[in-house]
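**Student:** Next up, protein15.tsv (TSV, C-alpha atoms and all ligand atoms).
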chain	number	residue	atom	x	y	z
C	1	MET	CA	0.00	0.00	0.00
C	2	LYS	CA	1.31	3.46	-0.92
C	3	ARG	CA	2.57	5.60	1.97
C	4	GLY	CA	0.20	8.49	1.14
C	5	ILE	CA	-2.86	6.23	1.23
C	6	GLN	CA	-1.62	4.65	4.45
C	7	ASN	CA	-1.30	8.07	6.06
C	8	LEU	CA	-4.74	9.09	4.87
C	9	LEU	CA	-6.29	5.91	6.28
C	10	ARG	CA	-4.49	6.45	9.58
C	11	VAL	CA	-5.83	9.98	9.91
C	12	CYS	CA	-9.32	8.73	9.00
C	13	GLY	CA	-9.03	5.82	11.45
C	14	ILE	CA	-7.92	7.93	14.38
C	15	THR	CA	-10.43	10.71	13.68
C	16	ALA	CA	-13.34	8.34	13.09
C	17	GLY	CA	-12.38	6.19	16.11
C	18	ALA	CA	-12.20	9.19	18.44
C	19	ALA	CA	-15.45	10.64	17.06
C	20	MET	CA	-17.30	7.33	17.46
C	21	LEU	CA	-15.98	6.90	20.97
C	22	CYS	CA	-17.19	10.37	21.97
C	23	LEU	CA	-20.56	9.81	20.30
C	24	GLY	CA	-20.91	6.56	22.22
C	25	VAL	CA	-20.16	8.28	25.53
C	26	TYR	CA	-22.63	11.07	24.63
C	27	ARG	CA	-25.34	8.48	23.89
C	28	GLU	CA	-24.66	6.92	27.30
C	29	GLU	CA	-23.73	3.58	25.80
C	30	THR	CA	-21.26	3.14	28.63
C	31	GLU	CA	-24.19	2.79	31.04
C	32	ALA	CA	-25.72	0.02	28.93
C	33	ILE	CA	-22.34	-1.74	28.79
C	34	LEU	CA	-21.83	-1.43	32.53
C	35	HIS	CA	-25.34	-2.72	33.16
C	36	LYS	CA	-24.58	-5.90	31.18
C	37	ALA	CA	-21.01	-6.36	32.43
C	38	VAL	CA	-21.70	-6.24	36.16
C	39	LYS	CA	-24.05	-9.23	36.04
C	40	ILE	CA	-22.94	-12.75	35.24
C	41	CYS	CA	-23.63	-13.18	31.53
C	42	LEU	CA	-25.55	-16.45	31.38
C	43	GLU	CA	-25.07	-16.79	27.63
C	44	CYS	CA	-21.30	-16.36	27.96
C	45	ILE	CA	-20.95	-19.07	30.57
C	46	GLY	CA	-23.17	-21.48	28.63
C	47	ILE	CA	-26.37	-21.46	30.67
C	48	GLY	CA	-28.51	-19.39	28.33
Q	1	MET	CA	14.80	-26.17	13.76
Q	2	LYS	CA	16.95	-25.19	16.75
Q	3	LYS	CA	16.08	-21.95	18.45
Q	4	SER	CA	18.79	-19.32	18.43
Q	5	ALA	CA	19.56	-17.26	21.54
Q	6	LYS	CA	17.84	-14.29	19.87
Q	7	MET	CA	14.68	-16.32	19.30
Q	8	ARG	CA	14.65	-17.54	22.89
Q	9	ARG	CA	15.09	-13.99	24.19
Q	10	GLN	CA	12.32	-12.68	21.97
Q	11	SER	CA	9.99	-15.51	22.93
Q	12	ARG	CA	10.60	-14.93	26.67
Q	13	PHE	CA	10.02	-11.18	26.22
Q	14	ARG	CA	6.72	-11.76	24.42
Q	15	LEU	CA	5.58	-14.31	26.99
Q	16	LEU	CA	6.32	-11.82	29.77
Q	17	ILE	CA	4.21	-9.11	28.08
Q	18	GLN	CA	1.40	-11.60	27.43
Q	19	LEU	CA	1.39	-12.70	31.08
Q	20	CYS	CA	1.41	-9.09	32.33
Q	21	ALA	CA	-1.48	-8.19	29.99
Q	22	ALA	CA	-3.51	-11.23	31.06
Q	23	ALA	CA	-2.89	-10.34	34.73
Q	24	LEU	CA	-3.82	-6.70	34.13
Q	25	PHE	CA	-7.09	-7.49	32.34
Q	26	ASN	CA	-7.97	-10.10	34.99
Q	27	GLY	CA	-6.53	-8.41	38.04
Q	28	TYR	CA	-9.57	-8.69	40.35
Q	29	ILE	CA	-8.06	-11.34	42.59
Q	30	ALA	CA	-10.93	-11.13	45.11
Q	31	GLY	CA	-13.25	-12.35	42.34
Q	32	PHE	CA	-11.40	-15.66	42.15
Q	33	ALA	CA	-11.37	-15.96	45.93
Q	34	LYS	CA	-15.09	-15.20	46.36
Q	35	ASN	CA	-16.23	-16.74	43.04
Q	36	LYS	CA	-17.95	-13.47	42.16
Q	37	ILE	CA	-17.42	-11.07	39.28
Q	38	TYR	CA	-16.18	-7.49	39.57
Q	39	THR	CA	-19.03	-4.96	39.58
Q	40	GLY	CA	-17.15	-1.63	39.79
Q	41	LYS	CA	-17.15	1.35	37.42
Q	42	LEU	CA	-14.03	0.15	35.59
Q	43	LYS	CA	-16.30	-2.21	33.71
Q	44	THR	CA	-17.44	0.70	31.54
Q	45	VAL	CA	-13.99	0.47	29.93
Q	46	CYS	CA	-13.71	-1.93	27.02
Q	47	VAL	CA	-10.51	-3.93	26.87
Q	48	PRO	CA	-9.06	-4.30	23.35
Q	49	VAL	CA	-8.86	-8.12	23.58
Q	50	LEU	CA	-11.11	-11.17	23.78
Q	51	ASN	CA	-11.57	-11.45	27.54
Q	52	CYS	CA	-14.93	-12.53	28.97
Q	53	TYR	CA	-16.55	-10.02	31.34
Q	54	SER	CA	-17.93	-12.94	33.33
Q	55	CYS	CA	-14.44	-14.13	34.23
Q	56	PRO	CA	-14.23	-13.64	38.02
Q	57	GLY	CA	-11.02	-11.64	37.58
Q	58	ALA	CA	-12.11	-9.42	34.65
Q	59	LEU	CA	-11.76	-5.71	35.36
Q	60	GLY	CA	-13.06	-4.43	32.02
Q	61	SER	CA	-15.68	-5.33	29.43
Q	62	CYS	CA	-15.22	-7.63	26.46
Q	63	PRO	CA	-15.65	-5.63	23.21
Q	64	ILE	CA	-17.23	-8.53	21.31
Q	65	GLY	CA	-19.69	-9.23	24.14
Q	66	SER	CA	-20.54	-5.53	24.45
Q	67	ILE	CA	-21.20	-5.08	20.72
Q	68	GLN	CA	-23.61	-8.01	20.81
Q	69	SER	CA	-25.35	-6.97	23.99
Q	70	LEU	CA	-26.10	-3.53	22.54
Q	71	ALA	CA	-27.08	-5.00	19.17
Q	72	ALA	CA	-29.46	-7.39	20.91
Q	73	GLY	CA	-30.96	-4.70	23.15
Q	74	LYS	CA	-33.66	-2.25	22.22
Q	75	SER	CA	-32.07	1.11	22.93
Q	76	HIS	CA	-28.82	1.57	20.97
Q	77	ARG	CA	-28.29	-1.31	18.53
Q	78	ILE	CA	-24.92	-0.04	17.24
Q	79	SER	CA	-22.23	0.54	19.82
Q	80	PHE	CA	-20.23	3.53	18.63
Q	81	TYR	CA	-18.32	3.52	21.90
Q	82	VAL	CA	-16.96	-0.01	21.43
Q	83	LEU	CA	-16.45	0.32	17.68
Q	84	GLY	CA	-14.60	3.61	18.21
Q	85	THR	CA	-12.35	1.97	20.81
Q	86	LEU	CA	-11.56	-0.90	18.43
Q	87	VAL	CA	-10.96	1.40	15.44
Q	88	LEU	CA	-8.49	3.44	17.53
Q	89	PHE	CA	-6.60	0.37	18.76
Q	90	GLY	CA	-6.67	-1.17	15.28
Q	91	THR	CA	-5.32	1.97	13.61
Q	92	VAL	CA	-2.45	2.29	16.07
Q	93	LEU	CA	-1.45	-1.31	16.75
Q	94	GLY	CA	-3.25	-3.56	14.23
Q	95	ARG	CA	-2.88	-7.21	15.20
Q	96	LEU	CA	0.03	-6.54	17.53
Q	97	ILE	CA	-2.80	-6.80	20.08
Q	98	CYS	CA	-3.28	-10.46	19.09
Q	99	GLY	CA	0.41	-11.26	19.28
Q	100	PHE	CA	1.16	-9.53	22.57
Q	101	LEU	CA	-1.95	-8.63	24.57
Q	102	CYS	CA	-4.80	-11.10	24.12
Q	103	PRO	CA	-5.16	-13.66	26.95
Q	104	PHE	CA	-6.87	-16.17	24.68
Q	105	GLY	CA	-3.96	-15.87	22.26
Q	106	LEU	CA	-1.62	-16.63	25.17
Q	107	ILE	CA	-3.62	-19.75	26.07
Q	108	GLN	CA	-3.32	-20.99	22.49
Q	109	ASP	CA	0.41	-20.25	22.40
Q	110	LEU	CA	0.94	-22.24	25.62
Q	111	LEU	CA	-1.10	-25.18	24.31
Q	112	HIS	CA	0.91	-25.22	21.11
Q	113	LYS	CA	4.09	-25.63	23.15
Q	114	ILE	CA	2.95	-29.17	24.14
Q	115	GLN	CA	5.32	-31.56	22.46
Q	116	THR	CA	3.30	-33.32	19.74
Q	117	PRO	CA	3.62	-33.61	15.97
Q	118	LYS	CA	2.30	-30.33	14.51
Q	119	LEU	CA	-0.07	-29.96	11.60
Q	120	ARG	CA	0.60	-27.65	8.67
Q	121	VAL	CA	-2.72	-27.00	6.96
Q	122	PRO	CA	-2.28	-27.12	3.15
Q	123	LYS	CA	-2.40	-23.68	1.57
Q	124	THR	CA	-5.72	-23.87	-0.30
Q	125	PRO	CA	-7.97	-25.12	2.53
Q	126	ASP	CA	-6.11	-22.85	4.94
Q	127	ARG	CA	-6.87	-19.82	2.76
Q	128	ILE	CA	-10.52	-20.80	2.43
Q	129	PHE	CA	-11.05	-21.54	6.15
Q	130	ARG	CA	-9.54	-18.18	7.12
Q	131	TYR	CA	-12.53	-16.39	5.60
Q	132	PHE	CA	-14.72	-18.14	8.15
Q	133	LYS	CA	-13.79	-15.64	10.89
Q	134	TYR	CA	-15.19	-12.74	8.83
Q	135	TRP	CA	-18.51	-14.57	8.58
Q	136	VAL	CA	-18.42	-15.19	12.34
Q	137	LEU	CA	-17.92	-11.44	12.85
Q	138	LEU	CA	-20.62	-10.35	10.44
Q	139	LEU	CA	-23.25	-12.91	11.32
Q	140	THR	CA	-22.88	-13.82	14.98
Q	141	VAL	CA	-21.64	-10.47	16.31
Q	142	PHE	CA	-23.67	-7.98	14.24
Q	143	LEU	CA	-26.50	-9.35	12.13
Q	144	LEU	CA	-28.07	-12.22	14.08
Q	145	PRO	CA	-28.18	-10.38	17.45
Q	146	MET	CA	-29.77	-7.40	15.68
Q	147	LEU	CA	-32.20	-9.16	13.38
Q	148	VAL	CA	-33.38	-12.31	15.17
Q	149	THR	CA	-35.52	-10.91	17.94
Q	150	ASP	CA	-38.31	-12.11	20.21
Q	151	ARG	CA	-41.72	-10.46	20.45
Q	152	PHE	CA	-40.33	-7.84	22.82
Q	153	GLY	CA	-37.71	-6.84	20.24
Q	154	ARG	CA	-34.80	-8.39	22.14
Q	155	GLY	CA	-32.12	-10.42	20.38
Q	156	GLU	CA	-29.43	-12.78	21.67
Q	157	PRO	CA	-25.64	-12.53	21.76
Q	158	TRP	CA	-25.07	-15.36	19.25
Q	159	PHE	CA	-21.29	-15.48	19.39
Q	160	CYS	CA	-21.21	-15.46	23.22
Q	161	LYS	CA	-23.99	-17.98	23.47
Q	162	TYR	CA	-23.00	-20.56	20.87
Q	163	ILE	CA	-19.29	-20.15	20.13
Q	164	CYS	CA	-17.10	-18.08	22.44
Q	165	PRO	CA	-14.50	-20.41	23.97
Q	166	ALA	CA	-13.12	-17.61	26.16
Q	167	GLY	CA	-16.49	-17.27	27.91
Q	168	THR	CA	-16.67	-20.98	28.67
Q	169	LEU	CA	-13.06	-21.22	29.79
Q	170	GLU	CA	-12.66	-17.96	31.71
Q	171	GLY	CA	-16.23	-17.50	32.96
Q	172	GLY	CA	-18.23	-20.73	32.74
Q	173	ILE	CA	-15.79	-23.28	34.13
Q	174	PRO	CA	-14.51	-21.31	37.17
Q	175	LEU	CA	-18.00	-20.08	38.13
Q	176	LEU	CA	-19.73	-23.42	37.68
Q	177	ALA	CA	-16.96	-25.32	39.43
Q	178	ARG	CA	-17.72	-23.56	42.70
Q	179	ASN	CA	-21.42	-22.72	42.41
Q	180	GLY	CA	-23.88	-25.60	42.80
Q	181	MET	CA	-26.87	-23.55	41.69
Q	182	LEU	CA	-25.25	-22.55	38.39
Q	183	ARG	CA	-24.19	-26.18	37.90
Q	184	ARG	CA	-27.78	-27.33	38.27
Q	185	LEU	CA	-28.85	-24.84	35.59
Q	186	ALA	CA	-26.26	-26.08	33.09
Q	187	GLY	CA	-27.78	-28.22	30.35
Q	188	ALA	CA	-27.51	-28.89	26.65
Q	189	LEU	CA	-26.16	-25.43	25.87
Q	190	PHE	CA	-23.30	-25.83	28.31
Q	191	THR	CA	-22.50	-29.26	26.85
Q	192	TRP	CA	-22.40	-27.69	23.37
Q	193	LYS	CA	-20.15	-24.83	24.52
Q	194	ALA	CA	-17.85	-27.21	26.37
Q	195	ALA	CA	-17.56	-29.30	23.20
Q	196	VAL	CA	-16.69	-26.20	21.14
Q	197	LEU	CA	-14.10	-25.22	23.74
Q	198	CYS	CA	-12.54	-28.72	23.71
Q	199	LEU	CA	-12.37	-28.71	19.91
Q	200	ILE	CA	-10.62	-25.33	19.93
Q	201	LEU	CA	-8.19	-26.24	22.71
Q	202	ILE	CA	-7.27	-29.55	21.06
Q	203	GLY	CA	-7.02	-27.83	17.68
Q	204	SER	CA	-4.60	-25.30	19.19
Q	205	VAL	CA	-2.25	-28.06	20.32
Q	206	PHE	CA	-1.79	-29.21	16.71
Q	207	ILE	CA	-2.38	-26.04	14.67
Q	208	SER	CA	-0.79	-22.82	15.88
Q	209	ARG	CA	-3.35	-20.13	16.80
Q	210	PHE	CA	-6.18	-22.38	15.57
Q	211	PHE	CA	-8.93	-20.11	16.93
Q	212	CYS	CA	-7.25	-16.86	15.84
Q	213	ARG	CA	-6.74	-18.14	12.30
Q	214	TYR	CA	-10.20	-19.41	11.58
Q	215	PHE	CA	-12.78	-18.23	14.10
Q	216	CYS	CA	-11.98	-15.10	16.10
Q	217	PRO	CA	-14.25	-12.17	15.20
Q	218	LEU	CA	-11.98	-9.68	16.98
Q	219	GLY	CA	-8.95	-10.93	15.04
Q	220	ALA	CA	-11.03	-10.53	11.87
Q	221	PHE	CA	-11.83	-6.94	12.83
Q	222	TYR	CA	-8.21	-6.01	13.59
Q	223	SER	CA	-6.99	-7.73	10.42
Q	224	LEU	CA	-8.71	-4.98	8.43
Q	225	PHE	CA	-6.22	-2.48	9.90
Q	226	ASN	CA	-2.88	-4.31	9.59
Q	227	ARG	CA	-1.94	-2.85	6.21
Q	228	PHE	CA	-2.10	0.76	7.35
Q	229	ALA	CA	-1.82	0.62	11.16
Q	230	LEU	CA	0.96	2.75	12.64
Q	231	TYR	CA	2.79	-0.45	13.63
Q	232	GLN	CA	4.31	-1.81	10.42
Q	233	MET	CA	7.00	-4.35	9.56
Q	234	HIS	CA	9.14	-4.67	6.45
Q	235	VAL	CA	11.65	-6.99	4.83
Q	236	ASP	CA	14.92	-5.55	3.57
Q	237	HIS	CA	15.10	-7.44	0.27
Q	238	GLN	CA	18.75	-6.44	-0.25
Q	239	ALA	CA	19.80	-8.23	2.92
Q	240	CYS	CA	17.40	-11.18	2.49
Q	241	THR	CA	18.92	-14.32	0.95
Q	242	GLY	CA	15.54	-16.01	0.47
Q	243	CYS	CA	16.37	-18.87	2.85
Q	244	GLY	CA	12.72	-19.14	4.00
Q	245	THR	CA	13.49	-19.36	7.75
Q	246	CYS	CA	10.98	-16.58	8.49
Q	247	ALA	CA	8.07	-18.32	6.77
Q	248	HIS	CA	9.03	-21.60	8.45
Q	249	VAL	CA	8.74	-20.19	11.99
Q	250	CYS	CA	5.63	-18.05	11.39
Q	251	PRO	CA	2.74	-19.30	13.55
Q	252	MET	CA	0.17	-17.75	11.20
Q	253	ALA	CA	1.66	-19.21	8.00
Q	254	VAL	CA	2.16	-15.73	6.55
Q	255	ASP	CA	4.05	-15.42	3.27
Q	256	VAL	CA	6.59	-13.21	5.04
Q	257	LEU	CA	8.67	-12.17	2.03
Q	258	LYS	CA	5.70	-11.19	-0.11
Q	259	ASN	CA	3.18	-9.92	2.35
Q	260	ILE	CA	4.41	-9.26	5.86
Q	261	ASN	CA	1.77	-6.59	6.50
Q	262	CYS	CA	-1.19	-8.77	5.51
Q	263	GLY	CA	-4.18	-9.10	7.82
Q	264	GLU	CA	-3.05	-12.47	9.15
Q	265	CYS	CA	0.23	-11.33	10.72
Q	266	ILE	CA	-0.16	-11.07	14.50
Q	267	ARG	CA	3.16	-9.18	14.82
Q	268	CYS	CA	4.60	-11.84	17.13
Q	269	GLY	CA	8.11	-11.02	15.88
Q	270	LYS	CA	9.21	-14.65	15.51
Q	271	CYS	CA	10.27	-14.14	11.89
Q	272	ARG	CA	12.32	-11.11	12.86
Q	273	ALA	CA	14.12	-12.98	15.62
Q	274	ALA	CA	14.73	-16.05	13.43
Q	275	CYS	CA	16.11	-14.23	10.38
Q	276	PRO	CA	19.85	-15.05	10.16
Q	277	GLU	CA	20.49	-11.91	8.07
Q	278	ASP	CA	18.57	-9.47	10.30
Q	279	ALA	CA	16.55	-8.52	7.24
Q	280	ILE	CA	13.19	-8.03	8.96
Q	281	HIS	CA	12.49	-4.74	10.68
Q	282	ILE	CA	9.78	-2.87	12.53
Q	283	GLY	CA	8.58	0.31	10.81
Q	284	HIS	CA	8.53	1.38	7.18
Q	285	ARG	CA	10.91	0.29	4.47
Q	286	GLN	CA	14.06	2.41	4.52
Q	287	THR	CA	16.05	0.80	1.70
Q	288	ARG	CA	15.09	0.77	-1.94
Q	289	ARG	CA	14.58	-2.62	-3.61
B	1	LIG	S1	-7.47	-13.39	17.04
B	1	LIG	FE1	-8.92	-13.15	18.75
B	1	LIG	S2	-8.37	-14.71	20.27
B	1	LIG	FE2	-6.67	-14.51	18.80
B	1	LIG	S3	-5.31	-13.12	19.78
B	1	LIG	FE3	-6.59	-11.90	18.40
B	1	LIG	S4	-8.33	-11.20	19.65
B	1	LIG	FE4	-7.31	-12.85	20.79
B	2	LIG	S1	4.95	-12.72	9.77
B	2	LIG	FE1	6.40	-12.64	11.47
B	2	LIG	S2	5.47	-11.26	12.98
B	2	LIG	FE2	3.85	-11.88	11.54
B	2	LIG	S3	2.84	-13.64	12.51
B	2	LIG	FE3	4.44	-14.41	11.13
B	2	LIG	S4	6.28	-14.66	12.43
B	2	LIG	FE4	4.82	-13.35	13.55
Any chance you could give the structure as C-alpha cells?
**Tutor:**
Amino acid sequence: MKRGIQNLLRVCGITAGAAMLCLGVYREETEAILHKAVKICLECIGIG
Amino acid sequence: MKKSAKMRRQSRFRLLIQLCAAALFNGYIAGFAKNKIYTGKLKTVCVPVLNCYSCPGALGSCPIGSIQSLAAGKSHRISFYVLGTLVLFGTVLGRLICGFLCPFGLIQDLLHKIQTPKLRVPKTPDRIFRYFKYWVLLLTVFLLPMLVTDRFGRGEPWFCKYICPAGTLEGGIPLLARNGMLRRLAGALFTWKAAVLCLILIGSVFISRFFCRYFCPLGAFYSLFNRFALYQMHVDHQACTGCGTCAHVCPMAVDVLKNINCGECIRCGKCRAACPEDAIHIGHRQTRR
C-alpha cells in the first residue's frame, strides 16, 4: 500500500475512532455496557 | 529447527508481556477468591482483547460481548463507543494486540508448546477456512443479534452464546466449578459450549493459533487495519537471501517475504528474531529494492 494512502487511512481511522468513541459516551452507551457487564452473563458461561 | 539465543530472548520477552497483559485485564483477585465477578465502574472500559466479562477476575468489558449486547438490546443497537475503541486500537497497533496482549492468544500459544507432531494446513484449505472468521464477525456479532428478535424486540448474543471459547473457559468453568446452583442450571447449551471449547483447545495443540486463524471475530476486525496501522514491519530485500526461515517459523503461515503486513500477521516477531540476516524490521521500508 502506498505511503500516502496509508497516512490518509491512519488519519481517518484515528479521527473516526475518536469521534465514534465520543458519540458513544454522549449516547450513554457506557451505562448500557456497565449494566450488562456487572451481572454474570448467562449466555457467555453457557447457561442461556 | 533449533532456536537461536535471539529467538529464545524474543519468545521470553513476548511471553512476559502476554502474562502481564492477562494479569492486568484479569486483576480482580478477590473475584477468584469469592467466586464473584467485579461490579465496579471500571467495567465501563472496554478492553481491546477477547476477555470474557464474566471471568471472576475481569476488570473491564469484552468488546465482542458488548457489541452483541447492545445489538441485541432495544435502545442503541450499534455501539459507537466499542467500535470507536476498536478502530483506535486497530489503527495504532493492528494485530500486535493479538500477538502480545490477548489472553486467549496466550492460552493458544501455551497449548501449542505441548510436544506433539504439529499440523501444517495445506495452503488452499487454509486460505478458504480463514474467511470463516469474517462470517463469524458479520453474522454472529452484528446481524443475528440485531435481526433475530423475540416479540419484545430483544435479540441474543449469538457469538457469546454458541461459540465463544473464552467465555466458557474464563467464565463458565470457574464459576460453575464452585457454584452448585449454576451447575444445576447447566444443560444442553453448556455441553455444546464445552464441546466447542474442547475442539478449539485440542485444535490449538496441533495447529498454531487455531482459533485466531479461523474463528476469532476480533482478530477478523483487527486484520482490516494491519496494512495501514501505525505499527508496520518490512523486509529488507537487499539483505534477504531467500532462505525461507521466516516463513518456516511463522505461527500464522504468513508469506513473510511477499506480504508481511497482511491481515493475518499477528506481529509476534518470531520471523524477525529467526532471520539469520537481520533482514526483517519494525517500521517502514528504509532501503530501496
Ligand atoms: S485473534 Fe482473537 S483470540 Fe486470537 S489473539 Fe486476536 S483477539 Fe485474541
Ligand atoms: S509474519 Fe512474522 S510477525 Fe507476523 S505472525 Fe508471522 S512470524 Fe509473527
**Student:** Which residues are near ligand LIG 1 (chain B) - at most 10 Å, using all atoms listed in the file? Format: as a PyMOL selection string.
**Tutor:** chain Q and resi 48-51+63-64+94-109+133+164-166+209-223+264+266
**Student:** Next, dump the selected residues to file, keeping only C-alpha atoms, as a tab-separated table (two decimals), in the frame of the given file.
**Tutor:**
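selection37.tsv, written as the output of this step:
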chain	number	residue	atom	x	y	z
Q	48	PRO	CA	-9.06	-4.30	23.35
Q	49	VAL	CA	-8.86	-8.12	23.58
Q	50	LEU	CA	-11.11	-11.17	23.78
Q	51	ASN	CA	-11.57	-11.45	27.54
Q	63	PRO	CA	-15.65	-5.63	23.21
Q	64	ILE	CA	-17.23	-8.53	21.31
Q	94	GLY	CA	-3.25	-3.56	14.23
Q	95	ARG	CA	-2.88	-7.21	15.20
Q	96	LEU	CA	0.03	-6.54	17.53
Q	97	ILE	CA	-2.80	-6.80	20.08
Q	98	CYS	CA	-3.28	-10.46	19.09
Q	99	GLY	CA	0.41	-11.26	19.28
Q	100	PHE	CA	1.16	-9.53	22.57
Q	101	LEU	CA	-1.95	-8.63	24.57
Q	102	CYS	CA	-4.80	-11.10	24.12
Q	103	PRO	CA	-5.16	-13.66	26.95
Q	104	PHE	CA	-6.87	-16.17	24.68
Q	105	GLY	CA	-3.96	-15.87	22.26
Q	106	LEU	CA	-1.62	-16.63	25.17
Q	107	ILE	CA	-3.62	-19.75	26.07
Q	108	GLN	CA	-3.32	-20.99	22.49
Q	109	ASP	CA	0.41	-20.25	22.40
Q	133	LYS	CA	-13.79	-15.64	10.89
Q	164	CYS	CA	-17.10	-18.08	22.44
Q	165	PRO	CA	-14.50	-20.41	23.97
Q	166	ALA	CA	-13.12	-17.61	26.16
Q	209	ARG	CA	-3.35	-20.13	16.80
Q	210	PHE	CA	-6.18	-22.38	15.57
Q	211	PHE	CA	-8.93	-20.11	16.93
Q	212	CYS	CA	-7.25	-16.86	15.84
Q	213	ARG	CA	-6.74	-18.14	12.30
Q	214	TYR	CA	-10.20	-19.41	11.58
Q	215	PHE	CA	-12.78	-18.23	14.10
Q	216	CYS	CA	-11.98	-15.10	16.10
Q	217	PRO	CA	-14.25	-12.17	15.20
Q	218	LEU	CA	-11.98	-9.68	16.98
Q	219	GLY	CA	-8.95	-10.93	15.04
Q	220	ALA	CA	-11.03	-10.53	11.87
Q	221	PHE	CA	-11.83	-6.94	12.83
Q	222	TYR	CA	-8.21	-6.01	13.59
Q	223	SER	CA	-6.99	-7.73	10.42
Q	264	GLU	CA	-3.05	-12.47	9.15
Q	266	ILE	CA	-0.16	-11.07	14.50
**Student:** Could you list, as an NGL selection string, the residues of chain C having an atom within 7 Å of chain Q when counting all atoms listed in the file?
**Tutor:** :C and (6 or 9-10 or 13-14 or 17-18 or 20-25 or 29-30 or 33-34 or 37-38 or 40-41 or 43-48)
**Student:** Step by step, measure atom-to-atom distances between ligand LIG 2 (chain B) and each residue using only C-alpha atoms and all ligand atoms, keep those at most 8 Å, then write them as a ChimeraX atom specification.
**Tutor:** /Q:99,233,246-247,249-256,260-261,264-272
**Student:** How far is it from atom CA of Q:Tyr131 to atom CA of Q:Leu93, in Å with one decimal?
**Tutor:**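 Computing it gives 21.8 Å between the two atoms.
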**Student:** Quick check, in Å to one decimal: how far apart do atom CA of Q:Arg285 and atom CA of Q:Gly242 lie?
**Tutor:**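 About the pair atom CA of Q:Arg285 and atom CA of Q:Gly242: they are 17.4 Å apart.
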**Student:** What is the atom CA of C:Tyr26 to atom CA of Q:Val136 distance in Å?
**Tutor:**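 Separating atom CA of C:Tyr26 from atom CA of Q:Val136 is a distance of 29.3 Å.
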